[in-house]
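So the structure is just underneath, and the comments pick up after that.
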Amino acid sequence: MGLRFLEKLSFMVFHVTAVMLSSLIAALFAPALAVSAVSGYAHSPRVFPSPAGKGAGIWADAYESAHHLVSQMTLEEKVNITRGFTVTDNICAGNTGTVPRLGWPGMCLHDAGNGVRATDLVNSYPSALHVGASWDRNLTYERAYYMGQEFKAKGVNVVLGPNAGPLGRSPLGGRNWEGFSIDPYLSGQLNAETIIGHQDAGVIANLKHFIANEQETYRRPYFGVEAVSANVDDKTLHELYLWPFVDGVRAGVASVMCSYNRINNTYGCENSKLMNGVLKTELSFDGFVLLDWNAQHNLESANAGLDMLMPGGGFWGNNLTQAVQNGSVSEERVTDMASRITAAWYLVGQDGTNFPVPGIGMKNLTQPHEQVDARIPESKPTILEGAIAGHVLVKNDGALPFNKYPIMLSVYGYDATVPDTKNTDTLFQLGYTSSPEMGQAVLGTEHHFDQAARGGTIITGGRAGANGPAYIDDPLSAIQHRAKADGTWINWDLTSPNPDVNAASDACLVFINAIATEGWDRDGLHDDFSDGLVLNVASKCANTIVIIHAAGIRLVDQWIDHPNVTAAIIAHLPGQDSGEALVKLLYGEAQFSGKLPYTIARNESDYAVYTPCGRGPSNTTDPQCDFTEGVYVDYRHFDEKDITPRFEFGFGLSYTTFNYSSLSIEPLDLSADLQDSSTPTSDERFWDIVATVNVTITNTGSVAGAEVAQLYLGIPNSPPKQLRGFEKVAVSPGESAEVAFELTRRDFNVWDVVTQGWIMQSGEYAVYVGSSSRDIRLTGSIAV
């Protein structure tokens, strides 16, 4: 064998070689693979030692302070802050140990990425998927900043969010709604804005779940069955699943959470290749790695790069101190763990008098407690604007906006009104107020829930990513409030599957939803009850408008082409201002500008991956999930296979129209890499601007609106199109706006498994600019 082939074999250790691959390939790779308990499966190579944090760039001052503090700690004190402890004075999801002798107060860690969960006197912000549909960097930052201030007021040091994983490999993923988008570029951009916003507010952001945590089914070991192994090759890992984590580290994220699942048959929180090799070495991450709650780990996890256990001492406990004493773990490693944790604390300014007592506002709501009101008036416009911006208009046959104040509106569907309760119980704490049956389910057990939350409107999904609404402005209440002012007559029936319709109705609004939760994947992408309700109303009402609150992709082909369905809105998860936001859109007082952050297919079978991986006859206790589709998920797959979607990635209608013109492409510093050379992820050249693309957007309609201009690159030997830029611009009627896209070297590069770096290939790079991934208005190319 040639040297280059041997090098490729050694680096391809990280590639999947599951039994479904041919016996020839398995035989070729076998000598270079470490063998797991199941013959024929590969796993990640061991990468030791765990690199110490460098304290580079924005971390420099924080590390200087951390080193000064940690140098004064005993071994026991250092160990004490690397693990969780049970406390009685707060209900934080986790609390670290403290070092009273040195005045270090410890930290409260709490859920999650969409607002403070399971407490009072906070706000319910739009969930991440809703934010992803806004494609709005500024609103994303503002949401994160105000949310971060609420966490800080409650004494939460570490926000357990945002989510870069799951991306959404399967549309049935139970936690897809907690992330911004299936697309790694869009996800990465909005994760970065969120991290900066949180940390500007003075709290530590925690980017999760690292990595390939793409399903809830068998997500962690239960009842003698191992967690599913995400068997992903090196190229796919870097070009798809790692991409938003790179943006997060670049943005200065202070902590990363390792995931429950296995990756190439090694548990995420035991995986030295990922934590030491990829995260801390390749990405030069200087923050701390946090265990997902009670995730699989062992004492060796400390050497593998894990820095903090939650919610207790786990396998470390007193064993970590003993491990140092017997040489199994070096004290330098423990010092680095403590330094990374305290450096994060210093980085966001939690030292001195800058931060409340940890957990001060996180109390048992049924016990006497001080009112710690974390809300501030300045956040109100952001909450409402964020709720508006994530609504996506996918069909409009002239029904919207209402041309005049309607004389009669009829409202149907379980999703139009508030849940029966919003109090202090588990349903409130876990976001299950509209799906009470979910509140009875035990994690790790098999359950099949109604895909519609028929207990009321939904403003968030379930469990860790849920948030606490100060109020719920439901659609029916908001419509009635408007009706009172305008003199509109309102009819409603929120329970019947086949309601009567007043034939004089100007419009019939049908509210349905699709719920999702942590812990279980969805059973489908639509439900018969809701689709039947839409069809029944449409059979009696010539102007039927469908509104779907959705915690993920929701198929619409059962009724979307019905001639009496005149408009359809994907309303996602708007947070507490749901009703007001919708009414402003219906009446044209606000403009639709949202775009889908995923693809809505015509059929379930159109997706590259539909169902989560399960067990089979040969792997009853060791579920394997082979990511053989590679980077071809969502629109990349639809484009590659020439499948026509119902509504493509990036699609969304407006009340106005936009013209694209004057495409200008300027290559700046583009040249192909020489053979055997590449750019490391941590190299600053990776971020050099190497081309600019300019276009002009003109509002050719009669009302003001905002357009999301999207830039896609056609990279050689890759999917036909990949998102590499977007800009949201507000334009008045008859006016134009110049949009400039700055493309970095990273945007053109592909991962080379041989050199373990990024390379620029020679060839023609197609440039597509348009209103969606399929609505391309301008094309050009760049030769390299």
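Residue numbering restarts at 1 for every chain of the structure tokens, chains are lettered A, B, ... in their displayed order, and ligands are numbered from 1 as they appear.
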
| Nearby residues (only C-alpha atoms) at most 12 Å from range 528-544 of chain A, same-chain spacing under 6 positions excluded, as an NGL selection string | :A and (395-400 or 402 or 408-415 or 450-454 or 492-514 or 554-569)

| field | Members of range 363-436 of chain A assigned helix (DSSP H, G or I) by DSSP, as a PyMOL selection string | value | chain A and resi 377-389+414-416+426-429+436

| said: Just list as JSON, numbers by chain whatever in range 626-769 of chain A DSSP marks as strand (DSSP E). | reply: {"A": [626, 658, 659, 660, 661, 662, 663, 664, 665, 666, 667, 689, 690, 691, 692, 693, 694, 695, 696, 697, 698, 699, 705, 706, 707, 708, 709, 710, 711, 712, 713, 714, 722, 723, 724, 725, 726, 727, 728, 729, 730, 731, 736, 737, 738, 739, 740, 741, 742, 743, 744, 750, 751, 752, 757, 758, 759, 764, 765, 766, 767, 768, 769]}

Could you list, as a tab-separated table (two decimals) with N, CA, C and O atoms, in the first residue's frame, every residue within 9 Å of Thr217 in chain A, counting only C-alpha atoms and ignoring same-chain residues fewer than 2 positions away?
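Written file, around.tsv:
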chain	number	residue	atom	x	y	z
A	173	GLY	N	-37.55	13.98	14.99
A	173	GLY	CA	-36.77	14.23	16.19
A	173	GLY	C	-37.53	15.03	17.23
A	173	GLY	O	-38.04	16.11	16.95
A	174	GLY	N	-37.59	14.50	18.46
A	174	GLY	CA	-38.38	15.14	19.50
A	174	GLY	C	-37.85	16.47	19.97
A	174	GLY	O	-38.58	17.26	20.58
A	215	GLN	N	-31.57	11.85	17.81
A	215	GLN	CA	-32.85	11.21	18.07
A	215	GLN	C	-33.01	11.04	19.57
A	215	GLN	O	-32.04	10.99	20.33
A	219	ARG	N	-31.84	7.30	23.28
A	219	ARG	CA	-30.85	8.38	23.39
A	219	ARG	C	-29.84	8.14	24.50
A	219	ARG	O	-28.74	8.69	24.49
A	220	ARG	N	-30.22	7.32	25.50
A	220	ARG	CA	-29.31	7.00	26.60
A	220	ARG	C	-29.60	5.59	27.07
A	220	ARG	O	-30.65	5.03	26.74
A	227	ALA	N	-27.24	3.12	24.75
A	227	ALA	CA	-27.69	4.25	23.93
A	227	ALA	C	-27.34	3.98	22.48
A	227	ALA	O	-26.38	3.27	22.16
A	228	VAL	N	-28.11	4.56	21.60
A	228	VAL	CA	-27.86	4.38	20.17
A	228	VAL	C	-26.49	4.93	19.81
A	228	VAL	O	-26.03	5.94	20.37
A	444	GLY	N	-37.40	6.94	29.34
A	444	GLY	CA	-36.83	5.63	29.08
A	444	GLY	C	-37.86	4.56	28.77
A	444	GLY	O	-37.50	3.47	28.33
A	446	GLU	N	-41.41	3.30	26.67
A	446	GLU	CA	-41.99	3.52	25.34
A	446	GLU	C	-43.36	4.17	25.48
A	446	GLU	O	-44.22	3.69	26.22
A	519	GLY	N	-37.22	13.44	25.16
A	519	GLY	CA	-37.48	12.13	25.74
A	519	GLY	C	-38.10	11.14	24.78
A	519	GLY	O	-37.89	9.93	24.91
A	520	TRP	N	-38.88	11.63	23.81
A	520	TRP	CA	-39.54	10.75	22.84
A	520	TRP	C	-39.56	11.42	21.47
A	520	TRP	O	-39.78	12.64	21.38
A	521	ASP	N	-39.34	10.66	20.45
A	521	ASP	CA	-39.49	11.17	19.10
A	521	ASP	C	-40.96	11.15	18.72
A	521	ASP	O	-41.78	10.45	19.31
A	612	PRO	N	-36.37	7.51	13.27
A	612	PRO	CA	-35.16	7.32	14.07
A	612	PRO	C	-34.73	5.85	14.03
A	612	PRO	O	-35.53	4.96	13.72
A	613	CYS	N	-33.48	5.62	14.35
A	613	CYS	CA	-32.96	4.25	14.34
A	613	CYS	C	-33.46	3.49	15.56
A	613	CYS	O	-33.62	4.05	16.65
A	614	GLY	N	-33.70	2.20	15.36
A	614	GLY	CA	-34.14	1.34	16.45
A	614	GLY	C	-33.23	0.15	16.62
A	614	GLY	O	-32.06	0.17	16.24

| Restricting the calculation to only C-alpha atoms, which member of A:Asp683, A:Asp626, A:Glu648, A:Glu518 is positioned closest to Ala212 in chain A? |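 Nearest candidate to Ala212 in chain A out of A:Asp683, A:Asp626, A:Glu648, A:Glu518: A:Asp626.
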
| Counting only C-alpha atoms, the residue of A:Tyr241, A:Phe180, A:Trp489, A:Phe741 that sits nearest Glu666 in chain A |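 So, comparing all the options, the nearest one is A:Phe741.
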
| Selection: 12 Å around Asp425 in chain A, only C-alpha atoms, excl. self and same-chain fewer than 6 positions, as a ChimeraX atom specification | /A:118-120,364-366,431-433,436,439-440,468

Let me see the file: selected residues, N, CA, C and O atoms, as a PDB file, in the first residue's frame.
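For reference, out.pdb as written:
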ATOM      1  N   ALA A 118     -39.584  26.427  34.793  1.00  0.00           N
ATOM      2  CA  ALA A 118     -40.049  25.941  36.100  1.00  0.00           C
ATOM      3  C   ALA A 118     -39.910  26.977  37.206  1.00  0.00           C
ATOM      4  O   ALA A 118     -39.639  26.637  38.358  1.00  0.00           O
ATOM      5  N   THR A 119     -40.113  28.229  36.872  1.00  0.00           N
ATOM      6  CA  THR A 119     -40.096  29.270  37.894  1.00  0.00           C
ATOM      7  C   THR A 119     -41.132  30.326  37.535  1.00  0.00           C
ATOM      8  O   THR A 119     -41.785  30.246  36.491  1.00  0.00           O
ATOM      9  N   ASP A 120     -41.268  31.317  38.422  1.00  0.00           N
ATOM     10  CA  ASP A 120     -42.250  32.367  38.193  1.00  0.00           C
ATOM     11  C   ASP A 120     -41.565  33.694  37.863  1.00  0.00           C
ATOM     12  O   ASP A 120     -40.349  33.839  37.985  1.00  0.00           O
ATOM     13  N   ASN A 364     -38.880  26.522  45.227  1.00  0.00           N
ATOM     14  CA  ASN A 364     -40.064  25.674  45.150  1.00  0.00           C
ATOM     15  C   ASN A 364     -41.289  26.577  45.165  1.00  0.00           C
ATOM     16  O   ASN A 364     -41.537  27.285  46.145  1.00  0.00           O
ATOM     17  N   LEU A 365     -42.061  26.558  44.110  1.00  0.00           N
ATOM     18  CA  LEU A 365     -43.142  27.527  43.962  1.00  0.00           C
ATOM     19  C   LEU A 365     -44.286  27.296  44.940  1.00  0.00           C
ATOM     20  O   LEU A 365     -45.097  28.201  45.163  1.00  0.00           O
ATOM     21  N   THR A 366     -44.387  26.109  45.511  1.00  0.00           N
ATOM     22  CA  THR A 366     -45.471  25.841  46.457  1.00  0.00           C
ATOM     23  C   THR A 366     -45.079  26.155  47.894  1.00  0.00           C
ATOM     24  O   THR A 366     -45.901  26.033  48.801  1.00  0.00           O
ATOM     25  N   GLY A 431     -43.717  22.173  30.436  1.00  0.00           N
ATOM     26  CA  GLY A 431     -44.311  22.650  29.190  1.00  0.00           C
ATOM     27  C   GLY A 431     -45.373  21.730  28.627  1.00  0.00           C
ATOM     28  O   GLY A 431     -45.624  21.732  27.421  1.00  0.00           O
ATOM     29  N   TYR A 432     -46.036  20.955  29.488  1.00  0.00           N
ATOM     30  CA  TYR A 432     -47.027  19.980  29.050  1.00  0.00           C
ATOM     31  C   TYR A 432     -48.464  20.424  29.332  1.00  0.00           C
ATOM     32  O   TYR A 432     -49.372  19.589  29.376  1.00  0.00           O
ATOM     33  N   THR A 433     -48.704  21.702  29.530  1.00  0.00           N
ATOM     34  CA  THR A 433     -50.047  22.145  29.910  1.00  0.00           C
ATOM     35  C   THR A 433     -51.093  21.797  28.861  1.00  0.00           C
ATOM     36  O   THR A 433     -52.264  21.609  29.194  1.00  0.00           O
ATOM     37  N   PRO A 436     -51.408  16.978  28.753  1.00  0.00           N
ATOM     38  CA  PRO A 436     -51.245  16.444  30.114  1.00  0.00           C
ATOM     39  C   PRO A 436     -50.820  14.990  30.158  1.00  0.00           C
ATOM     40  O   PRO A 436     -50.169  14.569  31.130  1.00  0.00           O
ATOM     41  N   GLY A 439     -47.165  14.414  30.795  1.00  0.00           N
ATOM     42  CA  GLY A 439     -46.676  14.617  32.149  1.00  0.00           C
ATOM     43  C   GLY A 439     -46.624  13.349  32.976  1.00  0.00           C
ATOM     44  O   GLY A 439     -45.941  13.305  34.006  1.00  0.00           O
ATOM     45  N   GLN A 440     -47.328  12.298  32.548  1.00  0.00           N
ATOM     46  CA  GLN A 440     -47.339  11.033  33.278  1.00  0.00           C
ATOM     47  C   GLN A 440     -46.262  10.072  32.785  1.00  0.00           C
ATOM     48  O   GLN A 440     -46.014   9.043  33.414  1.00  0.00           O
ATOM     49  N   GLY A 468     -41.337  29.389  31.061  1.00  0.00           N
ATOM     50  CA  GLY A 468     -42.455  29.787  31.902  1.00  0.00           C
ATOM     51  C   GLY A 468     -43.101  31.068  31.418  1.00  0.00           C
ATOM     52  O   GLY A 468     -42.524  32.144  31.573  1.00  0.00           O
TER      53      GLY A 468
END

| said: Just checking: using only C-alpha atoms, which residue out of A:Thr335, A:Asn298, A:Ser170, A:Asn264 ends up closest to Asp606 in chain A? | reply: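 Result for the nearest residue to Asp606 in chain A: A:Ser170.
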
| In terms of the shortest atom-to-atom distance over only C-alpha atoms, which of A:Thr696, A:Ser187, A:Gln149, A:Thr681 is closest to Leu778 in chain A? |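 Closest residue, counting only C-alpha atoms: A:Thr696.
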
| said: Which residues are close to Phe627 in chain A, i.e. within 9 Å by only C-alpha atoms, leaving aside same-chain residues fewer than 4 positions away? Reply as a PyMOL selection string. | reply: chain A and resi 16+230-233+236+631

| request: Show which residues sit within 6 Å of range 276-280 of chain A, as number ranges by chain. Count only C-alpha atoms, and ignore same-chain residues fewer than 5 positions away. | output: A: 47, 50, 285, 305

| Quick one: residues within 12 Å of Ile715 in chain A, only C-alpha atoms counted, chain neighbours fewer than 5 positions away excluded, as a list of chain:residue names? |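 Residues near the query, excluding close chain neighbours: A:Arg636, A:Pro720, A:Lys721, A:Gln722, A:Leu723, A:Arg724, A:Arg746, A:Asp747, A:Phe748, A:Asn749, A:Val750, A:Ile759, A:Met760, A:Gln761, A:Ser762, A:Gly763, A:Glu764, A:Tyr765, A:Ala766, A:Val767, A:Tyr768, A:Ser781, A:Ile782, A:Ala783, A:Val784.
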
May I have the selected residues written with C-alpha atoms, as a short mmCIF file (atom, residue, chain, number, x, y, z; two decimals), in the first residue's frame?
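The resulting file, part-v9.cif, is shown below:
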data_model
loop_
_atom_site.label_atom_id
_atom_site.label_comp_id
_atom_site.auth_asym_id
_atom_site.auth_seq_id
_atom_site.Cartn_x
_atom_site.Cartn_y
_atom_site.Cartn_z
CA ARG A 636 -29.44 19.00 0.05
CA PRO A 720 -25.88 21.03 -5.55
CA LYS A 721 -26.50 24.00 -3.24
CA GLN A 722 -25.43 24.88 0.30
CA LEU A 723 -26.49 27.98 2.22
CA ARG A 724 -23.53 30.28 2.73
CA ARG A 746 -14.47 28.34 5.27
CA ASP A 747 -17.55 28.84 3.09
CA PHE A 748 -15.75 27.34 0.07
CA ASN A 749 -13.81 24.60 1.85
CA VAL A 750 -14.48 20.90 2.23
CA ILE A 759 -9.14 22.39 1.51
CA MET A 760 -10.15 24.67 -1.33
CA GLN A 761 -10.72 22.57 -4.44
CA SER A 762 -10.05 23.80 -7.93
CA GLY A 763 -13.08 24.15 -10.17
CA GLU A 764 -16.21 26.18 -10.81
CA TYR A 765 -18.25 27.33 -7.80
CA ALA A 766 -21.81 28.23 -8.73
CA VAL A 767 -23.31 31.22 -6.91
CA TYR A 768 -27.08 31.32 -6.40
CA SER A 781 -19.95 31.57 -10.70
CA ILE A 782 -16.46 31.81 -9.28
CA ALA A 783 -13.54 29.95 -10.84
CA VAL A 784 -10.83 28.67 -8.52
#

| query | Nearest to Leu186 in chain A: which of A:Thr755, A:Gln710, A:Gln429, A:Thr342 is it, counting only C-alpha atoms? | reply |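 Looking at the shortest contact to Leu186 in chain A, the residue is A:Gln710.
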
| said: Considering only C-alpha atoms, can you say which of A:Ala691, A:Met257, A:Gly106, A:Val70 comes closest to Asn163 in chain A? | reply: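 Checking each candidate against Asn163 in chain A, we get A:Met257 as the closest.
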